[in-house]
Every structure is written in structure tokens, then in C-alpha cells.
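The structure file protein_24.pdb is reproduced below (PDB, C-alpha atoms).
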ATOM      1  CA  MET A   1      -8.589  29.328   2.848
ATOM      2  CA  ALA A   2      -4.829  29.935   2.932
ATOM      3  CA  ARG A   3      -4.061  32.302   5.809
ATOM      4  CA  THR A   4      -0.430  32.902   4.811
ATOM      5  CA  VAL A   5       0.584  33.587   1.234
ATOM      6  CA  ASP A   6       3.524  35.028  -0.676
ATOM      7  CA  LEU A   7       3.078  38.088  -2.908
ATOM      8  CA  ASN A   8       5.570  38.119  -5.782
ATOM      9  CA  SER A   9       6.382  40.376  -8.683
ATOM     10  CA  ASP A  10       8.564  40.146 -11.782
ATOM     11  CA  MET A  11      11.216  42.851 -11.737
ATOM     12  CA  GLY A  12      14.780  43.796 -12.587
ATOM     13  CA  GLU A  13      13.546  44.131 -16.151
ATOM     14  CA  ALA A  14      15.203  47.435 -17.031
ATOM     15  CA  PHE A  15      18.140  47.338 -19.444
ATOM     16  CA  GLY A  16      20.938  49.906 -19.410
ATOM     17  CA  PRO A  17      19.303  53.358 -19.561
ATOM     18  CA  TRP A  18      15.874  51.939 -20.474
ATOM     19  CA  ALA A  19      13.617  51.814 -17.418
ATOM     20  CA  MET A  20      10.928  49.188 -16.848
ATOM     21  CA  GLY A  21       8.678  49.307 -13.796
ATOM     22  CA  ASP A  22       9.183  50.899 -10.387
ATOM     23  CA  ASP A  23      11.125  48.156  -8.623
ATOM     24  CA  ALA A  24      12.042  50.280  -5.600
ATOM     25  CA  ALA A  25       8.385  50.961  -4.819
ATOM     26  CA  LEU A  26       7.317  47.364  -5.466
ATOM     27  CA  LEU A  27      10.005  46.056  -3.114
ATOM     28  CA  ASP A  28       8.248  47.929  -0.298
ATOM     29  CA  ILE A  29       5.084  45.933  -0.996
ATOM     30  CA  VAL A  30       5.838  42.415  -2.250
ATOM     31  CA  THR A  31       7.442  39.575  -0.290
ATOM     32  CA  SER A  32       9.273  37.881  -3.181
ATOM     33  CA  ALA A  33      10.943  39.231  -6.314
ATOM     34  CA  ASN A  34      11.449  37.295  -9.558
ATOM     35  CA  ILE A  35      14.504  38.998 -11.016
ATOM     36  CA  ALA A  36      15.322  38.926 -14.737
ATOM     37  CA  CYS A  37      18.657  37.307 -15.522
ATOM     38  CA  GLY A  38      19.757  39.234 -18.622
ATOM     39  CA  PHE A  39      18.150  37.187 -21.384
ATOM     40  CA  HIS A  40      14.643  38.614 -21.864
ATOM     41  CA  ALA A  41      15.522  41.743 -19.855
ATOM     42  CA  GLY A  42      17.907  43.022 -17.207
ATOM     43  CA  ASP A  43      21.675  43.271 -17.088
ATOM     44  CA  PRO A  44      24.329  42.790 -14.373
ATOM     45  CA  ASP A  45      23.945  46.341 -13.056
ATOM     46  CA  VAL A  46      20.158  46.120 -12.889
ATOM     47  CA  MET A  47      20.388  42.700 -11.232
ATOM     48  CA  ALA A  48      22.853  43.995  -8.648
ATOM     49  CA  ARG A  49      20.770  47.062  -7.816
ATOM     50  CA  THR A  50      17.510  45.117  -7.571
ATOM     51  CA  MET A  51      19.003  42.341  -5.463
ATOM     52  CA  ARG A  52      20.704  44.739  -3.048
ATOM     53  CA  THR A  53      17.399  46.482  -2.451
ATOM     54  CA  ALA A  54      15.599  43.160  -2.020
ATOM     55  CA  VAL A  55      18.131  42.082   0.607
ATOM     56  CA  GLU A  56      17.771  45.406   2.445
ATOM     57  CA  LYS A  57      13.989  45.052   2.541
ATOM     58  CA  GLY A  58      13.896  41.344   3.432
ATOM     59  CA  VAL A  59      12.285  40.350   0.143
ATOM     60  CA  GLY A  60      12.921  36.812  -1.133
ATOM     61  CA  ILE A  61      15.028  36.637  -4.287
ATOM     62  CA  GLY A  62      14.076  34.434  -7.233
ATOM     63  CA  ALA A  63      15.688  33.801 -10.616
ATOM     64  CA  HIS A  64      13.412  34.630 -13.551
ATOM     65  CA  PRO A  65      14.936  32.993 -16.651
ATOM     66  CA  GLY A  66      13.421  33.457 -20.094
ATOM     67  CA  PHE A  67      14.223  33.333 -23.780
ATOM     68  CA  ALA A  68      17.147  35.403 -25.104
ATOM     69  CA  ASP A  69      14.812  37.868 -26.783
ATOM     70  CA  LEU A  70      15.284  41.430 -25.592
ATOM     71  CA  LYS A  71      13.296  42.887 -28.478
ATOM     72  CA  GLY A  72      10.309  40.674 -27.750
ATOM     73  CA  PHE A  73      10.717  40.904 -23.948
ATOM     74  CA  GLY A  74      10.742  37.119 -23.839
ATOM     75  CA  ARG A  75       7.084  36.971 -24.800
ATOM     76  CA  ARG A  76       7.583  35.430 -28.240
ATOM     77  CA  PRO A  77       7.648  31.610 -28.313
ATOM     78  CA  LEU A  78      10.928  30.258 -29.686
ATOM     79  CA  PRO A  79      10.906  26.662 -30.989
ATOM     80  CA  LEU A  80      14.312  25.693 -29.602
ATOM     81  CA  PRO A  81      15.563  22.199 -28.656
ATOM     82  CA  HIS A  82      14.845  21.332 -25.041
ATOM     83  CA  ASP A  83      18.540  20.805 -24.288
ATOM     84  CA  GLU A  84      19.311  24.324 -25.496
ATOM     85  CA  ILE A  85      16.545  25.788 -23.347
ATOM     86  CA  ALA A  86      17.687  23.764 -20.320
ATOM     87  CA  ASN A  87      21.234  25.079 -20.727
ATOM     88  CA  ALA A  88      19.896  28.633 -20.890
ATOM     89  CA  VAL A  89      17.894  28.104 -17.686
ATOM     90  CA  ALA A  90      20.933  26.724 -15.834
ATOM     91  CA  TYR A  91      23.102  29.578 -17.155
ATOM     92  CA  GLN A  92      20.655  32.252 -15.987
ATOM     93  CA  LEU A  93      20.187  30.623 -12.583
ATOM     94  CA  GLY A  94      23.958  30.569 -12.102
ATOM     95  CA  ALA A  95      24.167  34.264 -12.942
ATOM     96  CA  ALA A  96      21.363  35.043 -10.490
ATOM     97  CA  GLN A  97      23.080  33.034  -7.739
ATOM     98  CA  ALA A  98      26.351  34.903  -8.237
ATOM     99  CA  MET A  99      24.712  38.321  -8.187
ATOM    100  CA  ALA A 100      22.567  37.431  -5.169
ATOM    101  CA  ARG A 101      25.597  36.268  -3.176
ATOM    102  CA  ARG A 102      27.442  39.458  -4.028
ATOM    103  CA  ALA A 103      24.420  41.429  -2.769
ATOM    104  CA  GLY A 104      24.468  39.504   0.512
ATOM    105  CA  GLY A 105      21.475  37.289  -0.261
ATOM    106  CA  HIS A 106      20.681  34.022  -2.005
ATOM    107  CA  VAL A 107      18.302  32.740  -4.655
ATOM    108  CA  ARG A 108      15.362  31.014  -2.970
ATOM    109  CA  HIS A 109      13.196  30.195  -5.956
ATOM    110  CA  LEU A 110      13.030  29.975  -9.730
ATOM    111  CA  LYS A 111      10.159  31.039 -11.976
ATOM    112  CA  LEU A 112      10.127  30.766 -15.766
ATOM    113  CA  HIS A 113       9.294  33.946 -17.664
ATOM    114  CA  GLY A 114       6.855  34.852 -20.398
ATOM    115  CA  ALA A 115       6.607  32.643 -23.456
ATOM    116  CA  LEU A 116       8.874  30.019 -21.905
ATOM    117  CA  ALA A 117       6.521  29.730 -18.930
ATOM    118  CA  ASN A 118       3.449  29.597 -21.155
ATOM    119  CA  MET A 119       5.001  26.853 -23.272
ATOM    120  CA  ALA A 120       6.079  24.835 -20.226
ATOM    121  CA  SER A 121       2.592  25.110 -18.733
ATOM    122  CA  VAL A 122       1.243  22.872 -21.509
ATOM    123  CA  ASP A 123       4.397  20.902 -22.427
ATOM    124  CA  ALA A 124       5.454  18.593 -19.589
ATOM    125  CA  ALA A 125       8.634  17.529 -21.383
ATOM    126  CA  LEU A 126       9.765  21.147 -21.671
ATOM    127  CA  ALA A 127       8.889  21.851 -18.043
ATOM    128  CA  ARG A 128      10.867  18.786 -16.962
ATOM    129  CA  ALA A 129      13.896  19.856 -19.020
ATOM    130  CA  CYS A 130      13.869  23.331 -17.441
ATOM    131  CA  TYR A 131      13.308  22.132 -13.886
ATOM    132  CA  THR A 132      15.809  19.278 -13.908
ATOM    133  CA  ALA A 133      18.410  21.745 -15.209
ATOM    134  CA  ALA A 134      17.654  24.128 -12.329
ATOM    135  CA  LEU A 135      17.635  21.340  -9.753
ATOM    136  CA  ALA A 136      21.020  20.126 -10.993
ATOM    137  CA  VAL A 137      22.361  23.567 -10.077
ATOM    138  CA  ASP A 138      20.471  23.778  -6.743
ATOM    139  CA  PRO A 139      18.565  20.679  -5.552
ATOM    140  CA  ASP A 140      16.873  22.683  -2.766
ATOM    141  CA  ILE A 141      15.556  25.562  -4.845
ATOM    142  CA  VAL A 142      11.792  26.207  -4.792
ATOM    143  CA  ILE A 143      10.289  25.876  -8.266
ATOM    144  CA  MET A 144       7.416  28.323  -8.728
ATOM    145  CA  VAL A 145       4.830  26.845 -11.097
ATOM    146  CA  LEU A 146       1.596  27.932 -12.695
ATOM    147  CA  ALA A 147      -0.858  26.071 -10.489
ATOM    148  CA  ALA A 148      -2.884  23.188 -11.934
ATOM    149  CA  THR A 149      -0.879  23.005 -15.188
ATOM    150  CA  ALA A 150       1.654  20.569 -16.645
ATOM    151  CA  MET A 151       4.276  22.422 -14.600
ATOM    152  CA  GLU A 152       2.672  21.271 -11.362
ATOM    153  CA  ASN A 153       2.428  17.680 -12.599
ATOM    154  CA  VAL A 154       6.157  17.714 -13.306
ATOM    155  CA  VAL A 155       7.296  19.115  -9.952
ATOM    156  CA  ARG A 156       5.044  16.697  -8.097
ATOM    157  CA  ASP A 157       6.645  13.841 -10.026
ATOM    158  CA  LEU A 158      10.157  15.206  -9.380
ATOM    159  CA  GLY A 159       9.461  15.459  -5.645
ATOM    160  CA  CYS A 160      11.227  18.813  -5.407
ATOM    161  CA  ASN A 161      10.365  21.938  -3.407
ATOM    162  CA  TRP A 162       7.671  23.836  -5.270
ATOM    163  CA  ALA A 163       5.107  26.605  -4.901
ATOM    164  CA  GLY A 164       1.782  26.947  -6.695
ATOM    165  CA  GLU A 165       1.259  30.386  -8.209
ATOM    166  CA  ILE A 166      -1.836  32.273  -9.284
ATOM    167  CA  PHE A 167      -1.990  35.680 -10.951
ATOM    168  CA  ALA A 168      -3.758  38.701  -9.538
ATOM    169  CA  ASP A 169      -3.733  40.687 -12.749
ATOM    170  CA  ARG A 170      -4.396  38.028 -15.405
ATOM    171  CA  ALA A 171      -7.536  36.198 -16.542
ATOM    172  CA  TYR A 172      -7.627  32.399 -16.838
ATOM    173  CA  GLU A 173      -8.787  29.864 -19.397
ATOM    174  CA  ASP A 174     -10.606  26.690 -18.343
ATOM    175  CA  ASP A 175      -7.362  24.662 -18.485
ATOM    176  CA  ALA A 176      -5.683  26.953 -15.896
ATOM    177  CA  THR A 177      -3.527  28.656 -18.526
ATOM    178  CA  LEU A 178      -3.515  32.433 -18.847
ATOM    179  CA  VAL A 179      -5.738  34.188 -21.345
ATOM    180  CA  ASN A 180      -3.582  35.420 -24.213
ATOM    181  CA  ARG A 181      -2.562  39.050 -23.749
ATOM    182  CA  SER A 182      -3.949  39.885 -27.194
ATOM    183  CA  LYS A 183      -7.520  39.200 -25.989
ATOM    184  CA  PRO A 184      -9.687  41.829 -24.272
ATOM    185  CA  GLY A 185      -9.760  41.459 -20.487
ATOM    186  CA  ALA A 186      -6.623  39.313 -20.377
ATOM    187  CA  VAL A 187      -4.837  41.826 -18.121
ATOM    188  CA  LEU A 188      -6.628  43.383 -15.139
ATOM    189  CA  HIS A 189      -5.909  46.954 -14.055
ATOM    190  CA  ASP A 190      -8.359  47.577 -11.188
ATOM    191  CA  ALA A 191      -7.002  46.619  -7.753
ATOM    192  CA  ASP A 192     -10.489  46.231  -6.257
ATOM    193  CA  VAL A 193     -11.546  43.819  -9.004
ATOM    194  CA  ALA A 194      -8.272  41.878  -8.843
ATOM    195  CA  ALA A 195      -8.338  41.647  -5.039
ATOM    196  CA  ALA A 196     -11.911  40.357  -5.016
ATOM    197  CA  ARG A 197     -10.923  37.634  -7.504
ATOM    198  CA  ILE A 198      -7.886  36.647  -5.446
ATOM    199  CA  LEU A 199      -9.858  36.441  -2.205
ATOM    200  CA  ALA A 200     -12.495  34.323  -3.952
ATOM    201  CA  MET A 201      -9.785  31.989  -5.240
ATOM    202  CA  LEU A 202      -8.142  31.697  -1.823
ATOM    203  CA  ASN A 203     -11.529  30.962  -0.246
ATOM    204  CA  ALA A 204     -12.291  28.339  -2.887
ATOM    205  CA  GLY A 205      -8.803  26.842  -2.968
ATOM    206  CA  ALA A 206      -9.114  27.045  -6.725
ATOM    207  CA  ILE A 207      -8.397  29.106  -9.793
ATOM    208  CA  ILE A 208     -11.585  30.757 -11.043
ATOM    209  CA  ALA A 209     -11.494  30.911 -14.831
ATOM    210  CA  GLU A 210     -13.004  33.693 -16.895
ATOM    211  CA  SER A 211     -15.906  31.315 -17.600
ATOM    212  CA  GLY A 212     -16.583  30.931 -13.869
ATOM    213  CA  ASN A 213     -15.281  27.376 -13.729
ATOM    214  CA  HIS A 214     -13.322  26.388 -10.587
ATOM    215  CA  ILE A 215     -10.019  24.538 -10.954
ATOM    216  CA  PRO A 216      -8.923  23.201  -7.526
ATOM    217  CA  CYS A 217      -5.247  23.884  -6.777
ATOM    218  CA  ARG A 218      -2.680  24.664  -4.117
ATOM    219  CA  ILE A 219      -2.060  28.397  -3.794
ATOM    220  CA  ASP A 220       1.242  29.402  -2.222
ATOM    221  CA  THR A 221       2.006  32.660  -3.987
ATOM    222  CA  ILE A 222       0.236  35.442  -5.876
ATOM    223  CA  CYS A 223       1.908  37.282  -8.754
ATOM    224  CA  LEU A 224       1.624  40.886  -9.856
ATOM    225  CA  HIS A 225       3.431  41.931 -13.016
ATOM    226  CA  GLY A 226       5.839  44.780 -12.399
ATOM    227  CA  ASP A 227       5.982  46.124 -15.964
ATOM    228  CA  THR A 228       2.468  47.597 -16.169
ATOM    229  CA  PRO A 229       1.957  51.355 -15.582
ATOM    230  CA  ASP A 230      -0.354  50.778 -12.620
ATOM    231  CA  ALA A 231       1.653  47.957 -11.029
ATOM    232  CA  VAL A 232       2.518  49.809  -7.811
ATOM    233  CA  ALA A 233      -1.041  50.990  -7.161
ATOM    234  CA  MET A 234      -2.315  47.496  -7.956
ATOM    235  CA  ALA A 235       0.216  45.925  -5.570
ATOM    236  CA  ARG A 236      -0.650  48.324  -2.742
ATOM    237  CA  GLY A 237      -4.358  47.778  -3.216
ATOM    238  CA  ILE A 238      -4.118  44.000  -3.287
ATOM    239  CA  ARG A 239      -1.806  43.883  -0.276
ATOM    240  CA  LYS A 240      -4.265  46.023   1.712
ATOM    241  CA  HIS A 241      -7.247  43.883   0.696
ATOM    242  CA  LEU A 242      -5.415  40.703   1.692
ATOM    243  CA  THR A 243      -4.204  41.985   5.057
ATOM    244  CA  ASP A 244      -7.639  43.473   5.808
ATOM    245  CA  ALA A 245      -9.036  39.980   5.200
ATOM    246  CA  GLY A 246      -6.682  38.570   7.845
ATOM    247  CA  ILE A 247      -4.172  37.031   5.453
ATOM    248  CA  THR A 248      -0.489  37.180   6.404
ATOM    249  CA  LEU A 249       1.971  37.958   3.610
ATOM    250  CA  ALA A 250       5.374  36.265   3.925
ATOM    251  CA  PRO A 251       8.180  35.127   1.588
ATOM    252  CA  LEU A 252       8.289  31.545   0.392
TER     253      LEU A 252
END

Represent the structure contained in this file as C-alpha cells.
Amino acid sequence: MARTVDLNSDMGEAFGPWAMGDDAALLDIVTSANIACGFHAGDPDVMARTMRTAVEKGVGIGAHPGFADLKGFGRRPLPLPHDEIANAVAYQLGAAQAMARRAGGHVRHLKLHGALANMASVDAALARACYTAALAVDPDIVIMVLAATAMENVVRDLGCNWAGEIFADRAYEDDATLVNRSKPGAVLHDADVAAARILAMLNAGAIIAESGNHIPCRIDTICLHGDTPDAVAMARGIRKHLTDAGITLAPL
């Protein structure tokens, strides 16, 4: 069982006057923040505010690039050429690096968002295009991947720094992909239920699918989505369950 693990959350997803999530509260709980870069959500002011707070609280900063789809929150798959997607990933990472430096921090990791992440989890060529673009910008960056998917195969082949991620608040299919949000039970809302699942996965060193099947994997970080109404309560509950079980939470 992993005794030290990172707890991350997607945030910085407000846009102008439209709020999304309680980033300030989450930054008191998580150890890493995946910050939207202005394409699927976020803007320069939101990025600056979120990154400054992350630096103040010692939370690791990550770039969270997605599709340029504000209306769909980056959760609609866009059939774009891989080169175009790779350019968008590099562009968003560069923006995140600039804003992080201005806030007195630096970007430690990169995690694809939403539909782009789901597509890359089953399309190795797409994952490779995204990750080679990011590594061309920063060869030392940690690539956060959905554990036991095509993403992991790609980063292993690239030989780059990477972290295997599992989700506390999402159910899994037997191929280690996430259950589609349109299906019942795809998103979990009870911290006790989610924490029990996470502890079982850490003990097993495996993703436990909705079917009960075990998919062995490396678990470096646990994600909680920051855009759900109960995200803060869920984060607090899971952090307490993990620390009560003797697990140390630390940034990547």
C-alpha cells in the first residue's frame, strides 16, 4: 500500500464573473492543483488568483489544458488534427508557466482535461502528440496520466517523469477508463463511500472497477473534481480518512 500520496483537484475554472467551485477552500485541503489555462475554462485573472493562493499555501501547481470549448466546459470531444491539439497543449502550458512565475511559483505537472483526457486515455497517438508537445516546452515536467490506460503506456515509452492518477469521485470501467458521466453512479458524492474505495485501491495497488475487477497500477495521486457542489466536503472527508489510515499527503 502506498504510504505517501498526492491529493489533487481541478480548479481555476471560473470565468470572469461566473464562479465555478470553491478554490480557496480546496487549496486548504489538496496538495496539488490542476489549473485551467483559459481554453475550457479560466482566464488570466482567475489563473493569477488561483496560482497566488496555491503558492501561499504550498500547493503544487499543474497546467490543466483542454479543448477550446467554454460552452461545453471542455467535455465535448472535438475531432481535431493531432498537430492542432498538440499546439493547443503547448500554448496552454506556456500560459500556465508565465502566470505561475508571476505568482512566485512554477508549473510542476501537466494533466489533460475532460474530453481531451478521455480521448487520450484510449488513443495512444493522441496522448503521444499531447505529451511530446508538453515535454518540448519543459522536458522535466511531470505528466499526470490516467493509470493503466494508453496514457500510461505512452509516458513509459517516452521515459519522462510521470504520475499515475486515480479518481476518488468517479466510477471505473473494466478497461480503467471512467464511466461516462451520463450513466447512473458515474460520479460519487458520499465521502465515506469514496474514501473506502480509495483505501481499497491503495491496499490492492489497483483500480477497482464498478464490476469489482482489479486492474493493477501505480497510484501516485488521487483526484477530486472541484466543480461539484459537494467538492469541499468530499475533499475534507477523504483527506481525513486517508490521514487516519496513516497515509501521508504530499505534493508530487

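The set of protein, DNA and RNA residues with any counted atom at most 8 Å from (13.0, 29.6, -19.9) (all atoms listed in the file) reads A:Pro65, A:Gly66, A:Phe67, A:Ile85, A:Ala86, A:Ala88, A:Val89, A:Leu112, A:His113, A:Ala115, A:Leu116, A:Ala117, A:Cys130.
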
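Using all atoms listed in the file, the smallest distance between any of A:Ala90, A:Ala41, A:Ile35, A:Val122 and A:Ala147 comes from A:Val122.
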
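Restricting the calculation to all atoms listed in the file, the smallest distance between A:Val55 and any of A:Ile198, A:Arg108, A:Leu93, A:Trp18 is found for A:Arg108.
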
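Candidate residues A:Ala25, A:Ala163, A:Arg52, A:Gly16 were compared for distance to A:Gly38, and the nearest is A:Gly16, using all atoms listed in the file.
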
Residues matched by the PyMOL selection byres ((chain A and resi 121) around 7) as number ranges by chain
A: 117-120, 122-123, 146, 149-151

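Among the candidates A:Glu84, A:Ala103, A:Ile166, A:Ile61, the one nearest to A:Ala129 when counting all atoms listed in the file is A:Glu84.
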
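Here, the PyMOL selection byres ((chain A and resi 180) around 12) matches Arg75, Arg76, Gly114, Ala115, Asn118, Arg170, Ala171, Tyr172, Glu173, Thr177, Leu178, Val179, Arg181, Ser182, Lys183, Pro184, Gly185, Ala186 and Val187 of chain A.
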
Can you turn the PyMOL selection byres ((chain A and resi 138) around 10) into a concrete residue list for this file, as number ranges by chain?
A: 90, 93-94, 97, 107-109, 132-137, 139-142

For the selection you just gave me, I'd like the residues written to a file as a CSV table (one decimal), in the frame of the given file, keeping C-alpha atoms.
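What follows is the written file selection22.csv:
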chain,number,residue,atom,x,y,z
A,90,ALA,CA,20.9,26.7,-15.8
A,93,LEU,CA,20.2,30.6,-12.6
A,94,GLY,CA,24.0,30.6,-12.1
A,97,GLN,CA,23.1,33.0,-7.7
A,107,VAL,CA,18.3,32.7,-4.7
A,108,ARG,CA,15.4,31.0,-3.0
A,109,HIS,CA,13.2,30.2,-6.0
A,132,THR,CA,15.8,19.3,-13.9
A,133,ALA,CA,18.4,21.7,-15.2
A,134,ALA,CA,17.7,24.1,-12.3
A,135,LEU,CA,17.6,21.3,-9.8
A,136,ALA,CA,21.0,20.1,-11.0
A,137,VAL,CA,22.4,23.6,-10.1
A,139,PRO,CA,18.6,20.7,-5.6
A,140,ASP,CA,16.9,22.7,-2.8
A,141,ILE,CA,15.6,25.6,-4.8
A,142,VAL,CA,11.8,26.2,-4.8

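Across the structure, atom CA of A:Asn213 and atom CA of A:Leu199 are spaced 15.6 Å apart.
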
Spatial neighbours of A:Ile143, max dist 8 Å, only C-alpha atoms, sep filter under 3 positions, as a ChimeraX atom specification:
/A:109-111,131,155,160-163

Can those selected residues be exported to a file as a tab-separated table (two decimals), in the frame of the given file so that it contains C-alpha atoms?
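Saved to part27.tsv:
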chain	number	residue	atom	x	y	z
A	109	HIS	CA	13.20	30.20	-5.96
A	110	LEU	CA	13.03	29.98	-9.73
A	111	LYS	CA	10.16	31.04	-11.98
A	131	TYR	CA	13.31	22.13	-13.89
A	155	VAL	CA	7.30	19.11	-9.95
A	160	CYS	CA	11.23	18.81	-5.41
A	161	ASN	CA	10.36	21.94	-3.41
A	162	TRP	CA	7.67	23.84	-5.27
A	163	ALA	CA	5.11	26.60	-4.90

Just the number, please: distance in Å from atom CA of A:Ala200 to atom CA of A:Cys223, one decimal.
15.5 Å

Separating atom CA of A:Asp10 from atom CA of A:His241, to the nearest tenth of an Å, is a gap of 20.5 Å

Spatial neighbours of stretch 224-227 of chain A, 12 Å, all atoms listed in the file, chain gap at least 3 places, as a ChimeraX atom specification
/A:6-14,19-27,29-36,41,73,113-114,165-170,187-189,191,194-195,198,221,230-239

N, CA and C atoms restored at stretch 152-166 of chain A, emitted as a compact mmCIF listing (two decimals), keeping the file's coordinate frame:
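The resulting file, part-v1.txt, is shown below:
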# COMPACT_ATOMS: atom_id res chain seq x y z
N GLU A 152 2.91 21.85 -12.68
CA GLU A 152 2.67 21.27 -11.36
C GLU A 152 2.80 19.75 -11.41
N ASN A 153 2.29 19.13 -12.47
CA ASN A 153 2.43 17.68 -12.60
C ASN A 153 3.89 17.26 -12.57
N VAL A 154 4.74 18.04 -13.23
CA VAL A 154 6.16 17.71 -13.31
C VAL A 154 6.84 17.85 -11.95
N VAL A 155 6.61 18.94 -11.24
CA VAL A 155 7.30 19.11 -9.95
C VAL A 155 6.81 18.10 -8.92
N ARG A 156 5.54 17.74 -9.00
CA ARG A 156 5.04 16.70 -8.10
C ARG A 156 5.77 15.38 -8.37
N ASP A 157 5.96 15.07 -9.65
CA ASP A 157 6.64 13.84 -10.03
C ASP A 157 8.12 13.88 -9.63
N LEU A 158 8.74 15.06 -9.74
CA LEU A 158 10.16 15.21 -9.38
C LEU A 158 10.37 15.16 -7.87
N GLY A 159 9.34 15.47 -7.10
CA GLY A 159 9.46 15.46 -5.64
C GLY A 159 10.31 16.59 -5.09
N CYS A 160 10.39 17.69 -5.83
CA CYS A 160 11.23 18.81 -5.41
C CYS A 160 10.40 19.81 -4.60
N ASN A 161 11.08 20.83 -4.06
CA ASN A 161 10.36 21.94 -3.41
C ASN A 161 9.66 22.76 -4.48
N TRP A 162 8.38 23.06 -4.26
CA TRP A 162 7.67 23.84 -5.27
C TRP A 162 6.60 24.70 -4.61
N ALA A 163 6.16 25.70 -5.36
CA ALA A 163 5.11 26.60 -4.90
C ALA A 163 4.12 26.81 -6.03
N GLY A 164 2.83 26.71 -5.71
CA GLY A 164 1.78 26.95 -6.70
C GLY A 164 1.46 28.43 -6.78
N GLU A 165 1.45 28.95 -7.99
CA GLU A 165 1.26 30.39 -8.21
C GLU A 165 -0.04 30.67 -8.96
N ILE A 166 -0.73 31.72 -8.52
CA ILE A 166 -1.84 32.27 -9.28
C ILE A 166 -1.54 33.75 -9.56
